[in-house]
$ cat final-v3.txt   # compact mmCIF, N, CA and C atoms
# COMPACT_ATOMS: atom_id res chain seq x y z
N MET A 18 5.98 -4.91 9.18
CA MET A 18 6.56 -3.60 9.28
C MET A 18 5.43 -2.58 9.30
N SER A 19 5.49 -1.66 10.21
CA SER A 19 4.44 -0.65 10.33
C SER A 19 4.67 0.50 9.35
N ALA A 20 3.65 1.32 9.16
CA ALA A 20 3.78 2.49 8.29
C ALA A 20 4.83 3.44 8.84
N GLN A 21 4.94 3.56 10.16
CA GLN A 21 5.95 4.43 10.76
C GLN A 21 7.35 3.92 10.45
N GLN A 22 7.56 2.61 10.52
CA GLN A 22 8.87 2.04 10.19
C GLN A 22 9.19 2.25 8.71
N ILE A 23 8.20 2.12 7.85
CA ILE A 23 8.41 2.38 6.42
C ILE A 23 8.82 3.83 6.24
N PHE A 24 8.14 4.74 6.89
CA PHE A 24 8.45 6.17 6.78
C PHE A 24 9.88 6.45 7.24
N ASP A 25 10.28 5.82 8.35
CA ASP A 25 11.59 6.09 8.95
C ASP A 25 12.75 5.43 8.21
N HIS A 26 12.56 4.23 7.65
CA HIS A 26 13.70 3.44 7.19
C HIS A 26 13.74 3.09 5.71
N VAL A 27 12.63 3.15 5.01
CA VAL A 27 12.58 2.69 3.61
C VAL A 27 12.82 3.87 2.67
N PRO A 28 13.74 3.73 1.69
CA PRO A 28 14.01 4.83 0.75
C PRO A 28 12.91 4.95 -0.31
N LEU A 29 12.78 6.15 -0.85
CA LEU A 29 11.85 6.37 -1.95
C LEU A 29 12.22 5.47 -3.12
N GLY A 30 11.22 4.95 -3.82
CA GLY A 30 11.46 4.07 -4.95
C GLY A 30 11.44 2.60 -4.59
N ALA A 31 11.42 2.28 -3.30
CA ALA A 31 11.41 0.89 -2.87
C ALA A 31 10.05 0.25 -3.15
N ILE A 32 10.08 -1.04 -3.44
CA ILE A 32 8.86 -1.81 -3.65
C ILE A 32 8.42 -2.37 -2.30
N ILE A 33 7.15 -2.12 -1.95
CA ILE A 33 6.61 -2.56 -0.67
C ILE A 33 5.44 -3.49 -0.92
N ARG A 34 5.49 -4.65 -0.31
CA ARG A 34 4.38 -5.61 -0.39
C ARG A 34 3.61 -5.53 0.91
N TYR A 35 2.29 -5.40 0.81
CA TYR A 35 1.46 -5.34 2.01
C TYR A 35 0.36 -6.38 1.94
N SER A 36 -0.04 -6.86 3.12
CA SER A 36 -1.02 -7.95 3.19
C SER A 36 -1.77 -7.88 4.50
N ASP A 37 -3.04 -8.31 4.46
CA ASP A 37 -3.80 -8.40 5.70
C ASP A 37 -3.83 -9.83 6.25
N GLY A 38 -3.17 -10.75 5.55
CA GLY A 38 -3.03 -12.12 6.04
C GLY A 38 -4.16 -13.07 5.68
N THR A 39 -5.18 -12.59 4.99
CA THR A 39 -6.29 -13.47 4.61
C THR A 39 -5.93 -14.25 3.35
N PRO A 40 -6.49 -15.44 3.18
CA PRO A 40 -6.20 -16.22 1.97
C PRO A 40 -6.88 -15.61 0.73
N ARG A 41 -6.27 -15.81 -0.42
CA ARG A 41 -6.81 -15.28 -1.67
C ARG A 41 -8.09 -16.05 -2.03
N PRO A 42 -9.17 -15.33 -2.37
CA PRO A 42 -10.40 -16.02 -2.78
C PRO A 42 -10.26 -16.59 -4.19
N PRO A 43 -11.11 -17.53 -4.56
CA PRO A 43 -11.06 -18.09 -5.92
C PRO A 43 -11.35 -17.03 -6.98
N GLU A 44 -10.85 -17.25 -8.18
CA GLU A 44 -11.03 -16.31 -9.30
C GLU A 44 -12.50 -16.07 -9.61
N ARG A 45 -13.36 -17.05 -9.39
CA ARG A 45 -14.77 -16.90 -9.75
C ARG A 45 -15.51 -15.89 -8.87
N HIS A 46 -14.96 -15.57 -7.71
CA HIS A 46 -15.56 -14.58 -6.81
C HIS A 46 -14.92 -13.22 -7.09
N ARG A 47 -15.34 -12.58 -8.17
CA ARG A 47 -14.66 -11.38 -8.66
C ARG A 47 -14.73 -10.21 -7.69
N ARG A 48 -15.87 -9.97 -7.07
CA ARG A 48 -15.97 -8.86 -6.11
C ARG A 48 -15.10 -9.09 -4.90
N LYS A 49 -15.14 -10.31 -4.38
CA LYS A 49 -14.30 -10.63 -3.22
C LYS A 49 -12.82 -10.54 -3.58
N LEU A 50 -12.48 -10.95 -4.80
CA LEU A 50 -11.09 -10.90 -5.25
C LEU A 50 -10.61 -9.46 -5.38
N ARG A 51 -11.45 -8.57 -5.93
CA ARG A 51 -11.07 -7.16 -6.04
C ARG A 51 -10.87 -6.54 -4.66
N ALA A 52 -11.75 -6.86 -3.72
CA ALA A 52 -11.61 -6.33 -2.36
C ALA A 52 -10.34 -6.88 -1.71
N TRP A 53 -10.08 -8.16 -1.91
CA TRP A 53 -8.87 -8.77 -1.35
C TRP A 53 -7.62 -8.10 -1.93
N GLU A 54 -7.62 -7.85 -3.24
CA GLU A 54 -6.46 -7.24 -3.88
C GLU A 54 -6.20 -5.82 -3.39
N SER A 55 -7.23 -5.11 -2.94
CA SER A 55 -7.01 -3.75 -2.43
C SER A 55 -6.32 -3.77 -1.07
N HIS A 56 -6.35 -4.91 -0.37
CA HIS A 56 -5.69 -5.04 0.93
C HIS A 56 -4.44 -5.92 0.87
N ASN A 57 -4.16 -6.53 -0.25
CA ASN A 57 -3.01 -7.42 -0.43
C ASN A 57 -2.41 -7.14 -1.80
N ASN A 58 -1.38 -6.31 -1.83
CA ASN A 58 -0.84 -5.90 -3.12
C ASN A 58 0.61 -5.47 -2.95
N THR A 59 1.15 -4.87 -3.98
CA THR A 59 2.51 -4.35 -3.99
C THR A 59 2.47 -2.93 -4.52
N GLY A 60 3.31 -2.07 -3.96
CA GLY A 60 3.37 -0.70 -4.43
C GLY A 60 4.76 -0.13 -4.31
N ARG A 61 5.03 0.88 -5.10
CA ARG A 61 6.32 1.58 -5.04
C ARG A 61 6.14 2.83 -4.18
N LEU A 62 7.06 3.02 -3.23
CA LEU A 62 7.01 4.19 -2.35
C LEU A 62 7.43 5.41 -3.15
N VAL A 63 6.50 6.35 -3.36
CA VAL A 63 6.79 7.51 -4.20
C VAL A 63 6.82 8.82 -3.43
N ARG A 64 6.30 8.84 -2.20
CA ARG A 64 6.30 10.09 -1.45
C ARG A 64 6.26 9.83 0.05
N LYS A 65 7.02 10.64 0.77
CA LYS A 65 6.96 10.67 2.23
C LYS A 65 6.68 12.11 2.61
N GLN A 66 5.63 12.32 3.38
CA GLN A 66 5.28 13.67 3.80
C GLN A 66 5.33 13.73 5.32
N THR A 67 6.16 14.62 5.85
CA THR A 67 6.28 14.74 7.30
C THR A 67 5.02 15.35 7.88
N GLY A 68 4.79 15.09 9.16
CA GLY A 68 3.65 15.67 9.84
C GLY A 68 3.83 17.17 9.99
N THR A 69 2.73 17.88 10.11
CA THR A 69 2.78 19.33 10.25
C THR A 69 1.66 19.80 11.15
N ARG A 70 1.77 21.02 11.59
CA ARG A 70 0.74 21.61 12.44
C ARG A 70 0.27 22.90 11.80
N VAL A 71 -1.05 23.02 11.61
CA VAL A 71 -1.65 24.21 11.03
C VAL A 71 -2.61 24.76 12.07
N GLY A 72 -2.20 25.82 12.72
CA GLY A 72 -3.03 26.37 13.81
C GLY A 72 -3.15 25.35 14.92
N GLU A 73 -4.36 24.97 15.26
CA GLU A 73 -4.60 23.97 16.29
C GLU A 73 -4.75 22.55 15.72
N THR A 74 -4.67 22.43 14.40
CA THR A 74 -4.85 21.13 13.75
C THR A 74 -3.50 20.48 13.48
N THR A 75 -3.38 19.20 13.83
CA THR A 75 -2.17 18.44 13.55
C THR A 75 -2.44 17.48 12.40
N ILE A 76 -1.62 17.56 11.36
CA ILE A 76 -1.73 16.67 10.21
C ILE A 76 -0.63 15.63 10.36
N PRO A 77 -0.98 14.33 10.45
CA PRO A 77 0.04 13.31 10.68
C PRO A 77 0.92 13.08 9.44
N ALA A 78 2.05 12.45 9.67
CA ALA A 78 2.94 12.07 8.57
C ALA A 78 2.22 11.08 7.66
N ALA A 79 2.62 11.04 6.38
CA ALA A 79 1.94 10.17 5.42
C ALA A 79 2.94 9.61 4.42
N ILE A 80 2.59 8.45 3.85
CA ILE A 80 3.36 7.87 2.76
C ILE A 80 2.40 7.64 1.59
N THR A 81 2.94 7.64 0.37
CA THR A 81 2.14 7.39 -0.82
C THR A 81 2.77 6.24 -1.59
N LEU A 82 1.94 5.24 -1.90
CA LEU A 82 2.37 4.09 -2.71
C LEU A 82 1.64 4.13 -4.04
N HIS A 83 2.36 3.83 -5.13
CA HIS A 83 1.71 3.63 -6.43
C HIS A 83 1.65 2.13 -6.65
N GLU A 84 0.44 1.61 -6.79
CA GLU A 84 0.25 0.18 -7.02
C GLU A 84 0.43 -0.13 -8.49
N GLY A 85 0.84 -1.34 -8.77
CA GLY A 85 0.96 -1.75 -10.15
C GLY A 85 1.93 -2.88 -10.35
N ASP A 86 2.14 -3.21 -11.61
CA ASP A 86 3.06 -4.28 -12.00
C ASP A 86 4.39 -3.63 -12.34
N PHE A 87 5.45 -3.98 -11.60
CA PHE A 87 6.74 -3.34 -11.77
C PHE A 87 7.74 -4.22 -12.50
N GLY A 88 7.33 -5.41 -12.94
CA GLY A 88 8.22 -6.30 -13.68
C GLY A 88 8.12 -6.02 -15.16
N SER A 89 9.10 -6.53 -15.91
CA SER A 89 9.04 -6.36 -17.37
C SER A 89 8.20 -7.49 -17.96
N LYS A 90 7.50 -7.18 -19.02
CA LYS A 90 6.64 -8.15 -19.70
C LYS A 90 7.30 -8.61 -20.99
N ALA A 91 8.57 -8.88 -20.94
CA ALA A 91 9.32 -9.27 -22.15
C ALA A 91 8.94 -10.63 -22.64
$ encode --input "final-v3.txt" --output "structure tokens"
Amino acid sequence: MSAQQIFDHVPLGAIIRYSDGTPRPPERHRRKLRAWESHNNTGRLVRKQTGTRVGETTIPAAITLHEGDFGSKA
């Protein structure tokens, strides 16, 4: 699903999982694992901002995700 489709069809508060399709590196490769996690994670959709035009400058539409653990730790 593209960012445009998320903007058009997904409601605020929805959980979105995103991935670049690469395999997860082993735990011992901490730097590689942190980089992988920044491209393969889950986030809650908290904001949709429509595109706007300011003078001659066009600002594209944007979405904001908050990353984190959304399950209960009971």
$ residues_around --input "final-v3.txt" --residues "Pro77 of chain A" --least-positions-apart "2" --cutoff "8 Å" --atoms "all atoms listed in the file" --output "PyMOL selection string"
chain A and resi 66-70+74-75+79-80
$ atom_distance --input "final-v3.txt" --atom1 "atom CA of Ser55 of chain A" --atom2 "atom N of Asp37 of chain A"
9.2 Å
$ residues_around --input "final-v3.txt" --residues "Gly38 of chain A" --least-positions-apart "6" --cutoff "12 Å" --atoms "only C-alpha atoms" --output "ChimeraX atom specification"
/A:53-54,56-58
$ select_by_dssp --input "final-v3.txt" --residues "chain A" --states "strand (DSSP E)" --output "list in words"
Ile32, Ile33, Arg34, Tyr35, Asn58, Thr59, Gly60, Arg61, Leu62, Val63, Arg64, Lys65, Gln66, Thr69, Arg70, Val71, Thr74, Thr75, Ile76, Ala79, Ile80, Thr81, Leu82, His83 and Glu84 of chain A
$ residues_around --input "final-v3.txt" --residues "segment 60-62 of chain A" --least-positions-apart "3" --cutoff "6.5 Å" --atoms "all atoms listed in the file" --output "short mmCIF file (atom, residue, chain, number, x, y, z; two decimals) with N, CA and C atoms, keeping the file's coordinate frame"
data_model
loop_
_atom_site.label_atom_id
_atom_site.label_comp_id
_atom_site.auth_asym_id
_atom_site.auth_seq_id
_atom_site.Cartn_x
_atom_site.Cartn_y
_atom_site.Cartn_z
N PRO A 28 13.74 3.73 1.69
CA PRO A 28 14.01 4.83 0.75
C PRO A 28 12.91 4.95 -0.31
N LEU A 29 12.78 6.15 -0.85
CA LEU A 29 11.85 6.37 -1.95
C LEU A 29 12.22 5.47 -3.12
N GLY A 30 11.22 4.95 -3.82
CA GLY A 30 11.46 4.07 -4.95
C GLY A 30 11.44 2.60 -4.59
N ALA A 31 11.42 2.28 -3.30
CA ALA A 31 11.41 0.89 -2.87
C ALA A 31 10.05 0.25 -3.15
N ILE A 32 10.08 -1.04 -3.44
CA ILE A 32 8.86 -1.81 -3.65
C ILE A 32 8.42 -2.37 -2.30
N ILE A 33 7.15 -2.12 -1.95
CA ILE A 33 6.61 -2.56 -0.67
C ILE A 33 5.44 -3.49 -0.92
N ARG A 34 5.49 -4.65 -0.31
CA ARG A 34 4.38 -5.61 -0.39
C ARG A 34 3.61 -5.53 0.91
N TYR A 35 2.29 -5.40 0.81
CA TYR A 35 1.46 -5.34 2.01
C TYR A 35 0.36 -6.38 1.94
N THR A 81 2.94 7.64 0.37
CA THR A 81 2.14 7.39 -0.82
C THR A 81 2.77 6.24 -1.59
N LEU A 82 1.94 5.24 -1.90
CA LEU A 82 2.37 4.09 -2.71
C LEU A 82 1.64 4.13 -4.04
N HIS A 83 2.36 3.83 -5.13
CA HIS A 83 1.71 3.63 -6.43
C HIS A 83 1.65 2.13 -6.65
N GLU A 84 0.44 1.61 -6.79
CA GLU A 84 0.25 0.18 -7.02
C GLU A 84 0.43 -0.13 -8.49
N GLY A 85 0.84 -1.34 -8.77
CA GLY A 85 0.96 -1.75 -10.15
C GLY A 85 1.93 -2.88 -10.35
#
$ select_by_dssp --input "final-v3.txt" --residues "segment 18-84 of chain A" --states "helix (DSSP H, G or I)" --output "short mmCIF file (atom, residue, chain, number, x, y, z; two decimals) with N, CA and C atoms, in the coordinates of the input"
data_model
loop_
_atom_site.label_atom_id
_atom_site.label_comp_id
_atom_site.auth_asym_id
_atom_site.auth_seq_id
_atom_site.Cartn_x
_atom_site.Cartn_y
_atom_site.Cartn_z
N ALA A 20 3.65 1.32 9.16
CA ALA A 20 3.78 2.49 8.29
C ALA A 20 4.83 3.44 8.84
N GLN A 21 4.94 3.56 10.16
CA GLN A 21 5.95 4.43 10.76
C GLN A 21 7.35 3.92 10.45
N GLN A 22 7.56 2.61 10.52
CA GLN A 22 8.87 2.04 10.19
C GLN A 22 9.19 2.25 8.71
N ILE A 23 8.20 2.12 7.85
CA ILE A 23 8.41 2.38 6.42
C ILE A 23 8.82 3.83 6.24
N PHE A 24 8.14 4.74 6.89
CA PHE A 24 8.45 6.17 6.78
C PHE A 24 9.88 6.45 7.24
N ASP A 25 10.28 5.82 8.35
CA ASP A 25 11.59 6.09 8.95
C ASP A 25 12.75 5.43 8.21
N HIS A 26 12.56 4.23 7.65
CA HIS A 26 13.70 3.44 7.19
C HIS A 26 13.74 3.09 5.71
N ARG A 47 -15.34 -12.58 -8.17
CA ARG A 47 -14.66 -11.38 -8.66
C ARG A 47 -14.73 -10.21 -7.69
N ARG A 48 -15.87 -9.97 -7.07
CA ARG A 48 -15.97 -8.86 -6.11
C ARG A 48 -15.10 -9.09 -4.90
N LYS A 49 -15.14 -10.31 -4.38
CA LYS A 49 -14.30 -10.63 -3.22
C LYS A 49 -12.82 -10.54 -3.58
N LEU A 50 -12.48 -10.95 -4.80
CA LEU A 50 -11.09 -10.90 -5.25
C LEU A 50 -10.61 -9.46 -5.38
N ARG A 51 -11.45 -8.57 -5.93
CA ARG A 51 -11.07 -7.16 -6.04
C ARG A 51 -10.87 -6.54 -4.66
N ALA A 52 -11.75 -6.86 -3.72
CA ALA A 52 -11.61 -6.33 -2.36
C ALA A 52 -10.34 -6.88 -1.71
N TRP A 53 -10.08 -8.16 -1.91
CA TRP A 53 -8.87 -8.77 -1.35
C TRP A 53 -7.62 -8.10 -1.93
N GLU A 54 -7.62 -7.85 -3.24
CA GLU A 54 -6.46 -7.24 -3.88
C GLU A 54 -6.20 -5.82 -3.39
N SER A 55 -7.23 -5.11 -2.94
CA SER A 55 -7.01 -3.75 -2.43
C SER A 55 -6.32 -3.77 -1.07
N HIS A 56 -6.35 -4.91 -0.37
CA HIS A 56 -5.69 -5.04 0.93
C HIS A 56 -4.44 -5.92 0.87
#
